[in-house]
2 protein chains.
Amino acid sequence: MSKEISQAVIRRMPRYYRYLGELLDEGVERISSNELSARMKVTASQIRQDLNNFGGFGQQGYGYNVQFLYEEIGKIMGLNEQHNIIIIGAGNLGQALANYVKFEKLGFVIVGLFDVNPELCGKSIRGNKIEMIDKLEEFVKTHKVDIATLTMPKEKADAVANQLVSLGVHAIWNFAHVDLEVLDENVVVENVHLSDSLMQLSYNMTKNKREKETLE
Amino acid sequence: MSKEISQAVIRRMPRYYRYLGELLDEGVERISSNELSARMKVTASQIRQDLNNFGGFGQQGYGYNVQFLYEEIGKIMGLNEQHNIIIIGAGNLGQALANYVKFEKLGFVIVGLFDVNPELCGKSIRGNKIEMIDKLEEFVKTHKVDIATLTMPKEKADAVANQLVSLGVHAIWNFAHVDLEVLDENVVVENVHLSDSLMQLSYNMTKNKREKETLE
DNA sequence: TAGATTGTTAATCGATTAACAATC
DNA sequence: TAGATTGTTAATCGATTAACAATC
């Protein structure tokens with residue numbers, strides 16, 4: 001078995017992908033780890049180490065072919081396949097995510113939207129009619145669903161997550177304000193906590209402010 | 001000068017805050033690092049190390065007083081003060097954030113919403129009328145604005161960010177799909193890239209799937 | 001006081017950076 | 001071939017965990 005790749009590395013991959021996409025848009029054909037290092041403000045050494053976890057994508061004396069590397073990183077992250085997403089909780093955030101066109105370009109296609117609120121029943125977001133939650137089970141059983149996005153109050157998240165796992169969903173993208181954990185280790189969970197991010201910002205901002213006050 | 005606290009530690013603080021808040025809701029009065037460790041699935045050692053970056057909040061033989069620790073961590077993250085937020089880009093995500101009541105409970109109050117789209121002009125979100133972007137400068141000059149949230153296309157984010165910095169905003173919470181950097185080192189920037197998070201999920205999900213296929 | 005648990009130092013582990021031989 | 005730049009090993013740095021003396 002090959003050595004496990006750390007989440008620290010994996011977190012950086014989408015960023016490489018983004019910068020390579022920009023280079024591609026600019027028409028840049030090849031790039032060295034040194035040039036990319038300057039752009040991305042990470043060390044060239046880290047770039048080479050990170051990439052070599054997945055294979056040798058470069059060429060000595062030349063660098064990396066931008067198009068090729070872009071595609072390879074895409075494949076590493078599974079972007080060569082379509083992933084179907086359902087969103088459970090069609091409130092503001094759920095609707096915002098459903099409207100986010102960028103996801104579709106990456107191969108993540110929203111195929112269903114569910115909510116408990118009858119007022120939302122019948123409303124459509126980019127061609128997806130919002131369904132009532134009691135249709136969820138039937139839907140997942142009859143459609144290919146890879147990822148379930150949870151944008152609902154934290155009180156309900158755990159039960160819905162367990163239901164989805166038992167229905168065979170492969171991944172849960174959780175925006176509810178709990179750290180979801182599922183028993184099935186084949187199901188991956190990614191917790192996104194926007195208020196955590198805001199608090200981190202607040203800490204750094206407050207620290208700045210306090211330091212400035214101390215100097216005065 | 002005291003030793004710099006690493007971002008790794010700071011990222012964990014909101015999580016401690018959240019778990020302590022839950023304990024408080026459950027009526028738990030005191031907790032040891034060991035009990036908290038079991039709940040949070042981190043080592044007790046890490047909890048004690050993390051907290052002691054900011055001071056000794058516990059008591060030997062007793063543990064930590066939940067209420068006290070909760071409040072102290074809140075203060076560390078600056079939650080003892082109100083922070084005013086404006087949102088620039090009142091599309092789906094901007095509106096979703098403006099509707100997020102939880103932020104207000106933490107002391108983050110939305111005081112303004114701006115967009116370029118005239119169709120949104122006059123619409124209100126929880127008492128905040130969406131204003132046209134040409135009102136932004138005047139607004140920031142005449143109101144206390146601590147944090148600016150950018151929920152706009154990446155093409156415009158950099159220019160708006162620079163404008164905001166020159167107007168004296170203290171922090172930028174950026175959802176545009178670029179890594180914003182500002183020249184003023186007193187301004188803190190937090191980049192939130194939802195598609196990066198989705199790609200990380202996709203990587204882990206795809207890895208699972210590939211491993212399963214290899215076994216067959 | 002005895003037991004429990006912190007605060008803190010020391011040890012370990014893992015991630016990042018530096019260096020350089022391999023090679024295009 | 002000479003120059004450039006990767007892939008990879010070795011060195012360093014930082015973060016996590018373990019251990020235990022201090023102390024409530």
# chains A, B, ... in the order shown; residues from 1 in each chain; ligands from 1
$ interface_residues --of "chain D" --to "chain B" --cutoff "9 Å" --atoms "only C-alpha atoms (C1' of nucleotides)" --output "PyMOL selection string"
chain D and resi 15-18+22-24
$ write_last_selection --atoms "all heavy atoms" --output "CSV table (one decimal), in the first residue's frame"
chain,number,residue,atom,x,y,z
D,15,DA,P,3.3,25.6,14.4
D,15,DA,OP1,2.8,26.8,13.7
D,15,DA,OP2,3.7,25.6,15.8
D,15,DA,O5',2.2,24.5,14.2
D,15,DA,C5',2.4,23.4,13.3
D,15,DA,C4',2.0,22.1,14.0
D,15,DA,O4',3.2,21.5,14.6
D,15,DA,C3',1.0,22.2,15.2
D,15,DA,O3',0.2,21.1,15.1
D,15,DA,C2',1.9,22.1,16.4
D,15,DA,C1',2.9,21.1,15.9
D,15,DA,N9,4.2,21.1,16.7
D,15,DA,C8,5.0,22.1,17.1
D,15,DA,N7,6.1,21.8,17.7
D,15,DA,C5,6.0,20.4,17.7
D,15,DA,C6,6.9,19.4,18.2
D,15,DA,N6,8.0,19.7,18.8
D,15,DA,N1,6.6,18.1,18.0
D,15,DA,C2,5.4,17.8,17.4
D,15,DA,N3,4.5,18.7,16.9
D,15,DA,C4,4.9,19.9,17.1
D,16,DT,P,-1.2,21.0,15.8
D,16,DT,OP1,-2.3,21.0,14.8
D,16,DT,OP2,-1.3,21.9,16.9
D,16,DT,O5',-1.1,19.5,16.5
D,16,DT,C5',-0.6,18.4,15.7
D,16,DT,C4',-0.1,17.4,16.7
D,16,DT,O4',1.1,17.8,17.3
D,16,DT,C3',-1.1,17.1,17.8
D,16,DT,O3',-1.3,15.7,17.7
D,16,DT,C2',-0.3,17.4,19.1
D,16,DT,C1',1.2,17.3,18.6
D,16,DT,N1,2.2,18.2,19.3
D,16,DT,C2,3.3,17.5,19.9
D,16,DT,O2,3.5,16.3,19.8
D,16,DT,N3,4.2,18.4,20.5
D,16,DT,C4,4.1,19.8,20.6
D,16,DT,O4,5.0,20.4,21.2
D,16,DT,C5,2.9,20.4,20.0
D,16,DT,C7,2.7,21.8,20.1
D,16,DT,C6,2.0,19.5,19.4
D,17,DT,P,-2.3,14.9,18.7
D,17,DT,OP1,-3.0,13.9,17.9
D,17,DT,OP2,-3.1,15.9,19.4
D,17,DT,O5',-1.3,14.3,19.7
D,17,DT,C5',-0.3,13.4,19.2
D,17,DT,C4',0.6,13.0,20.4
D,17,DT,O4',1.3,14.1,20.8
D,17,DT,C3',-0.2,12.5,21.6
D,17,DT,O3',0.4,11.2,21.9
D,17,DT,C2',0.1,13.5,22.7
D,17,DT,C1',1.4,14.1,22.2
D,17,DT,N1,1.7,15.5,22.6
D,17,DT,C2,2.9,15.8,23.2
D,17,DT,O2,3.8,14.9,23.4
D,17,DT,N3,3.1,17.1,23.5
D,17,DT,C4,2.2,18.2,23.3
D,17,DT,O4,2.6,19.3,23.6
D,17,DT,C5,1.0,17.8,22.7
D,17,DT,C7,0.0,18.9,22.4
D,17,DT,C6,0.8,16.5,22.4
D,18,DA,P,-0.1,10.3,23.1
D,18,DA,OP1,-0.2,8.9,22.6
D,18,DA,OP2,-1.3,10.9,23.7
D,18,DA,O5',1.1,10.4,24.2
D,18,DA,C5',2.4,10.4,23.7
D,18,DA,C4',3.3,10.6,24.9
D,18,DA,O4',3.5,12.0,25.1
D,18,DA,C3',2.9,9.9,26.2
D,18,DA,O3',4.0,9.3,26.8
D,18,DA,C2',2.3,11.1,26.9
D,18,DA,C1',3.2,12.2,26.5
D,18,DA,N9,2.7,13.6,26.5
D,18,DA,C8,1.5,14.0,26.0
D,18,DA,N7,1.3,15.3,26.2
D,18,DA,C5,2.5,15.8,26.7
D,18,DA,C6,2.9,17.1,27.1
D,18,DA,N6,2.1,18.2,26.9
D,18,DA,N1,4.1,17.2,27.6
D,18,DA,C2,4.9,16.1,27.8
D,18,DA,N3,4.6,14.8,27.5
D,18,DA,C4,3.3,14.7,26.9
D,22,DA,P,7.5,20.5,41.4
D,22,DA,OP1,8.5,21.6,41.5
D,22,DA,OP2,7.3,19.6,42.5
D,22,DA,O5',6.1,21.2,41.0
D,22,DA,C5',6.0,22.3,40.1
D,22,DA,C4',4.6,22.8,40.1
D,22,DA,O4',3.7,21.8,39.8
D,22,DA,C3',4.2,23.4,41.5
D,22,DA,O3',3.5,24.6,41.3
D,22,DA,C2',3.3,22.3,42.1
D,22,DA,C1',2.6,21.7,40.8
D,22,DA,N9,2.2,20.3,40.9
D,22,DA,C8,3.0,19.3,41.4
D,22,DA,N7,2.3,18.1,41.4
D,22,DA,C5,1.1,18.5,40.8
D,22,DA,C6,0.0,17.7,40.4
D,22,DA,N6,-0.1,16.4,40.6
D,22,DA,N1,-1.1,18.3,39.8
D,22,DA,C2,-1.0,19.6,39.6
D,22,DA,N3,0.0,20.5,39.9
D,22,DA,C4,1.0,19.8,40.5
D,23,DT,P,2.9,25.5,42.4
D,23,DT,OP1,2.7,26.9,41.9
D,23,DT,OP2,3.5,25.1,43.7
D,23,DT,O5',1.4,24.8,42.5
D,23,DT,C5',0.4,25.2,41.6
D,23,DT,C4',-0.9,24.6,42.1
D,23,DT,O4',-0.8,23.1,42.0
D,23,DT,C3',-1.2,24.9,43.6
D,23,DT,O3',-2.6,25.2,43.7
D,23,DT,C2',-1.0,23.6,44.3
D,23,DT,C1',-1.4,22.7,43.2
D,23,DT,N1,-1.1,21.2,43.3
D,23,DT,C2,-2.1,20.3,43.0
D,23,DT,O2,-3.1,20.6,42.5
D,23,DT,N3,-1.7,19.0,43.2
D,23,DT,C4,-0.5,18.5,43.7
D,23,DT,O4,-0.3,17.3,43.9
D,23,DT,C5,0.4,19.6,44.1
D,23,DT,C7,1.7,19.2,44.7
D,23,DT,C6,0.1,20.8,43.9
D,24,DC,P,-3.1,26.8,43.7
D,24,DC,OP1,-2.7,27.4,42.5
D,24,DC,OP2,-2.7,27.3,45.1
D,24,DC,O5',-4.7,26.6,43.7
D,24,DC,C5',-5.3,26.1,42.5
D,24,DC,C4',-6.2,25.0,42.9
D,24,DC,O4',-5.5,23.8,43.1
D,24,DC,C3',-7.0,25.3,44.2
D,24,DC,O3',-8.4,25.6,43.8
D,24,DC,C2',-7.0,23.9,44.9
D,24,DC,C1',-6.3,23.0,44.0
D,24,DC,N1,-5.4,22.0,44.7
D,24,DC,C2,-5.6,20.6,44.5
D,24,DC,O2,-6.6,20.2,43.9
D,24,DC,N3,-4.7,19.8,45.2
D,24,DC,C4,-3.7,20.2,45.9
D,24,DC,N4,-2.9,19.3,46.4
D,24,DC,C5,-3.5,21.6,46.0
D,24,DC,C6,-4.3,22.5,45.4
$ interface_residues --of "chain B" --to "chain A" --cutoff "7 Å" --atoms "only C-alpha atoms" --output "PyMOL selection string"
chain B and resi 10-11+14+76-78+92-93+96+103+170-171+186+188+190+195-196+199-206+208
$ select_by_dssp --residues "stretch 50-166 of chain A" --states "helix (DSSP H, G or I)" --output "PyMOL selection string"
chain A and resi 50-52+66-76+92-98+101-105+118-120+133-142+154-166
$ select_by_dssp --residues "chain B" --states "strand (DSSP E)" --output "ChimeraX atom specification"
/B:30-31,58-59,63-65,83-88,108-115,124-125,128-132,147-150,171-174,188-191
$ atom_distance --atom1 "atom C1' of D:DA10" --atom2 "atom C1' of C:DA10"
24.7 Å
$ atom_distance --atom1 "atom CA of A:Leu24" --atom2 "atom CA of A:Leu36"
12.7 Å
$ atom_distance --atom1 "atom CA of B:Gly107" --atom2 "atom CA of B:Asp25"
18.8 Å
$ decode --residues "stretch 5-23 of chain D" --atoms "N, CA and C atoms (P, O5', C5', C4', C3', O3' and C1' of nucleotides)" --output "PDB file, in the first residue's frame"
ATOM      1  P    DT D   5      14.241  26.904 -15.665  1.00  0.00           P
ATOM      2  O5'  DT D   5      13.888  25.498 -15.016  1.00  0.00           O
ATOM      3  C5'  DT D   5      13.273  24.488 -15.820  1.00  0.00           C
ATOM      4  C4'  DT D   5      13.216  23.253 -14.982  1.00  0.00           C
ATOM      5  C3'  DT D   5      12.683  23.483 -13.564  1.00  0.00           C
ATOM      6  O3'  DT D   5      11.678  22.543 -13.295  1.00  0.00           O
ATOM      7  C1'  DT D   5      14.617  22.217 -13.501  1.00  0.00           C
ATOM      8  P    DT D   6      10.667  22.637 -12.060  1.00  0.00           P
ATOM      9  O5'  DT D   6      10.380  21.086 -11.899  1.00  0.00           O
ATOM     10  C5'  DT D   6      10.075  20.293 -13.047  1.00  0.00           C
ATOM     11  C4'  DT D   6      10.748  18.942 -12.962  1.00  0.00           C
ATOM     12  C3'  DT D   6      10.224  18.046 -11.838  1.00  0.00           C
ATOM     13  O3'  DT D   6       9.721  16.827 -12.394  1.00  0.00           O
ATOM     14  C1'  DT D   6      12.613  18.203 -11.755  1.00  0.00           C
ATOM     15  P    DG D   7       8.676  15.968 -11.562  1.00  0.00           P
ATOM     16  O5'  DG D   7       9.672  15.070 -10.705  1.00  0.00           O
ATOM     17  C5'  DG D   7      10.386  14.016 -11.345  1.00  0.00           C
ATOM     18  C4'  DG D   7      11.302  13.347 -10.338  1.00  0.00           C
ATOM     19  C3'  DG D   7      10.608  12.701  -9.142  1.00  0.00           C
ATOM     20  O3'  DG D   7      11.243  11.432  -8.939  1.00  0.00           O
ATOM     21  C1'  DG D   7      12.207  14.280  -8.368  1.00  0.00           C
ATOM     22  P    DT D   8      10.912  10.539  -7.727  1.00  0.00           P
ATOM     23  O5'  DT D   8      11.992  11.041  -6.655  1.00  0.00           O
ATOM     24  C5'  DT D   8      13.341  10.634  -6.791  1.00  0.00           C
ATOM     25  C4'  DT D   8      14.088  11.032  -5.539  1.00  0.00           C
ATOM     26  C3'  DT D   8      13.452  10.549  -4.236  1.00  0.00           C
ATOM     27  O3'  DT D   8      14.483  10.159  -3.361  1.00  0.00           O
ATOM     28  C1'  DT D   8      13.793  12.820  -4.125  1.00  0.00           C
ATOM     29  P    DT D   9      14.211   9.093  -2.241  1.00  0.00           P
ATOM     30  O5'  DT D   9      15.642   9.045  -1.524  1.00  0.00           O
ATOM     31  C5'  DT D   9      16.798   9.607  -2.140  1.00  0.00           C
ATOM     32  C4'  DT D   9      17.466  10.587  -1.186  1.00  0.00           C
ATOM     33  C3'  DT D   9      17.345  10.222   0.298  1.00  0.00           C
ATOM     34  O3'  DT D   9      18.607  10.428   0.919  1.00  0.00           O
ATOM     35  C1'  DT D   9      16.611  12.407  -0.032  1.00  0.00           C
ATOM     36  P    DA D  10      18.832  10.026   2.427  1.00  0.00           P
ATOM     37  O5'  DA D  10      19.484  11.330   3.065  1.00  0.00           O
ATOM     38  C5'  DA D  10      20.028  12.381   2.270  1.00  0.00           C
ATOM     39  C4'  DA D  10      20.036  13.647   3.093  1.00  0.00           C
ATOM     40  C3'  DA D  10      20.083  13.447   4.604  1.00  0.00           C
ATOM     41  O3'  DA D  10      21.021  14.382   5.135  1.00  0.00           O
ATOM     42  C1'  DA D  10      18.189  14.727   4.040  1.00  0.00           C
ATOM     43  P    DA D  11      20.963  14.860   6.671  1.00  0.00           P
ATOM     44  O5'  DA D  11      20.107  16.194   6.586  1.00  0.00           O
ATOM     45  C5'  DA D  11      20.695  17.378   6.017  1.00  0.00           C
ATOM     46  C4'  DA D  11      19.961  18.595   6.533  1.00  0.00           C
ATOM     47  C3'  DA D  11      20.049  18.817   8.044  1.00  0.00           C
ATOM     48  O3'  DA D  11      20.209  20.211   8.265  1.00  0.00           O
ATOM     49  C1'  DA D  11      17.782  18.543   7.410  1.00  0.00           C
ATOM     50  P    DT D  12      20.082  20.831   9.737  1.00  0.00           P
ATOM     51  O5'  DT D  12      18.596  21.392   9.713  1.00  0.00           O
ATOM     52  C5'  DT D  12      18.258  22.422   8.777  1.00  0.00           C
ATOM     53  C4'  DT D  12      16.812  22.774   8.991  1.00  0.00           C
ATOM     54  C3'  DT D  12      16.510  23.314  10.390  1.00  0.00           C
ATOM     55  O3'  DT D  12      15.795  24.513  10.209  1.00  0.00           O
ATOM     56  C1'  DT D  12      14.968  21.620   9.808  1.00  0.00           C
ATOM     57  P    DC D  13      15.775  25.664  11.288  1.00  0.00           P
ATOM     58  O5'  DC D  13      14.219  25.898  11.425  1.00  0.00           O
ATOM     59  C5'  DC D  13      13.369  25.770  10.260  1.00  0.00           C
ATOM     60  C4'  DC D  13      12.061  25.177  10.687  1.00  0.00           C
ATOM     61  C3'  DC D  13      11.543  25.727  12.010  1.00  0.00           C
ATOM     62  O3'  DC D  13      10.432  26.552  11.692  1.00  0.00           O
ATOM     63  C1'  DC D  13      11.195  23.355  11.791  1.00  0.00           C
ATOM     64  P    DG D  14       9.616  27.360  12.785  1.00  0.00           P
ATOM     65  O5'  DG D  14       8.340  26.449  13.028  1.00  0.00           O
ATOM     66  C5'  DG D  14       7.539  26.020  11.939  1.00  0.00           C
ATOM     67  C4'  DG D  14       6.551  25.009  12.453  1.00  0.00           C
ATOM     68  C3'  DG D  14       5.837  25.435  13.743  1.00  0.00           C
ATOM     69  O3'  DG D  14       4.520  24.968  13.625  1.00  0.00           O
ATOM     70  C1'  DG D  14       6.812  23.374  14.079  1.00  0.00           C
ATOM     71  P    DA D  15       3.276  25.586  14.413  1.00  0.00           P
ATOM     72  O5'  DA D  15       2.168  24.471  14.235  1.00  0.00           O
ATOM     73  C5'  DA D  15       2.363  23.373  13.336  1.00  0.00           C
ATOM     74  C4'  DA D  15       2.047  22.077  14.039  1.00  0.00           C
ATOM     75  C3'  DA D  15       1.033  22.180  15.167  1.00  0.00           C
ATOM     76  O3'  DA D  15       0.163  21.078  15.055  1.00  0.00           O
ATOM     77  C1'  DA D  15       2.943  21.094  15.941  1.00  0.00           C
ATOM     78  P    DT D  16      -1.237  20.968  15.811  1.00  0.00           P
ATOM     79  O5'  DT D  16      -1.143  19.524  16.466  1.00  0.00           O
ATOM     80  C5'  DT D  16      -0.629  18.434  15.715  1.00  0.00           C
ATOM     81  C4'  DT D  16      -0.115  17.391  16.670  1.00  0.00           C
ATOM     82  C3'  DT D  16      -1.055  17.059  17.826  1.00  0.00           C
ATOM     83  O3'  DT D  16      -1.350  15.677  17.721  1.00  0.00           O
ATOM     84  C1'  DT D  16       1.160  17.343  18.608  1.00  0.00           C
ATOM     85  P    DT D  17      -2.339  14.935  18.709  1.00  0.00           P
ATOM     86  O5'  DT D  17      -1.317  14.267  19.742  1.00  0.00           O
ATOM     87  C5'  DT D  17      -0.311  13.404  19.233  1.00  0.00           C
ATOM     88  C4'  DT D  17       0.580  12.985  20.382  1.00  0.00           C
ATOM     89  C3'  DT D  17      -0.160  12.458  21.602  1.00  0.00           C
ATOM     90  O3'  DT D  17       0.396  11.184  21.886  1.00  0.00           O
ATOM     91  C1'  DT D  17       1.414  14.113  22.233  1.00  0.00           C
ATOM     92  P    DA D  18      -0.134  10.297  23.117  1.00  0.00           P
ATOM     93  O5'  DA D  18       1.055  10.436  24.166  1.00  0.00           O
ATOM     94  C5'  DA D  18       2.392  10.403  23.688  1.00  0.00           C
ATOM     95  C4'  DA D  18       3.342  10.569  24.850  1.00  0.00           C
ATOM     96  C3'  DA D  18       2.868   9.939  26.161  1.00  0.00           C
ATOM     97  O3'  DA D  18       4.014   9.345  26.758  1.00  0.00           O
ATOM     98  C1'  DA D  18       3.246  12.249  26.489  1.00  0.00           C
ATOM     99  P    DA D  19       3.919   8.589  28.165  1.00  0.00           P
ATOM    100  O5'  DA D  19       4.517   9.686  29.166  1.00  0.00           O
ATOM    101  C5'  DA D  19       5.781  10.277  28.876  1.00  0.00           C
ATOM    102  C4'  DA D  19       6.143  11.218  29.997  1.00  0.00           C
ATOM    103  C3'  DA D  19       5.788  10.707  31.401  1.00  0.00           C
ATOM    104  O3'  DA D  19       6.851  11.034  32.275  1.00  0.00           O
ATOM    105  C1'  DA D  19       4.740  12.776  31.033  1.00  0.00           C
ATOM    106  P    DC D  20       6.988  10.366  33.687  1.00  0.00           P
ATOM    107  O5'  DC D  20       6.918  11.609  34.675  1.00  0.00           O
ATOM    108  C5'  DC D  20       7.627  12.824  34.374  1.00  0.00           C
ATOM    109  C4'  DC D  20       7.010  13.950  35.158  1.00  0.00           C
ATOM    110  C3'  DC D  20       6.501  13.541  36.559  1.00  0.00           C
ATOM    111  O3'  DC D  20       6.832  14.548  37.471  1.00  0.00           O
ATOM    112  C1'  DC D  20       4.846  14.660  35.408  1.00  0.00           C
ATOM    113  P    DA D  21       7.518  14.234  38.859  1.00  0.00           P
ATOM    114  O5'  DA D  21       8.180  15.636  39.259  1.00  0.00           O
ATOM    115  C5'  DA D  21       8.549  16.601  38.259  1.00  0.00           C
ATOM    116  C4'  DA D  21       7.833  17.909  38.496  1.00  0.00           C
ATOM    117  C3'  DA D  21       7.653  18.295  39.960  1.00  0.00           C
ATOM    118  O3'  DA D  21       7.812  19.696  40.082  1.00  0.00           O
ATOM    119  C1'  DA D  21       5.546  18.141  38.935  1.00  0.00           C
ATOM    120  P    DA D  22       7.493  20.528  41.355  1.00  0.00           P
ATOM    121  O5'  DA D  22       6.076  21.154  40.997  1.00  0.00           O
ATOM    122  C5'  DA D  22       6.005  22.258  40.093  1.00  0.00           C
ATOM    123  C4'  DA D  22       4.604  22.839  40.131  1.00  0.00           C
ATOM    124  C3'  DA D  22       4.191  23.407  41.486  1.00  0.00           C
ATOM    125  O3'  DA D  22       3.516  24.633  41.262  1.00  0.00           O
ATOM    126  C1'  DA D  22       2.649  21.745  40.813  1.00  0.00           C
ATOM    127  P    DT D  23       2.858  25.472  42.421  1.00  0.00           P
ATOM    128  O5'  DT D  23       1.412  24.824  42.511  1.00  0.00           O
ATOM    129  C5'  DT D  23       0.378  25.226  41.622  1.00  0.00           C
ATOM    130  C4'  DT D  23      -0.896  24.590  42.100  1.00  0.00           C
ATOM    131  C3'  DT D  23      -1.219  24.892  43.571  1.00  0.00           C
ATOM    132  O3'  DT D  23      -2.594  25.212  43.686  1.00  0.00           O
ATOM    133  C1'  DT D  23      -1.444  22.652  43.151  1.00  0.00           C
TER     134       DT D  23
END
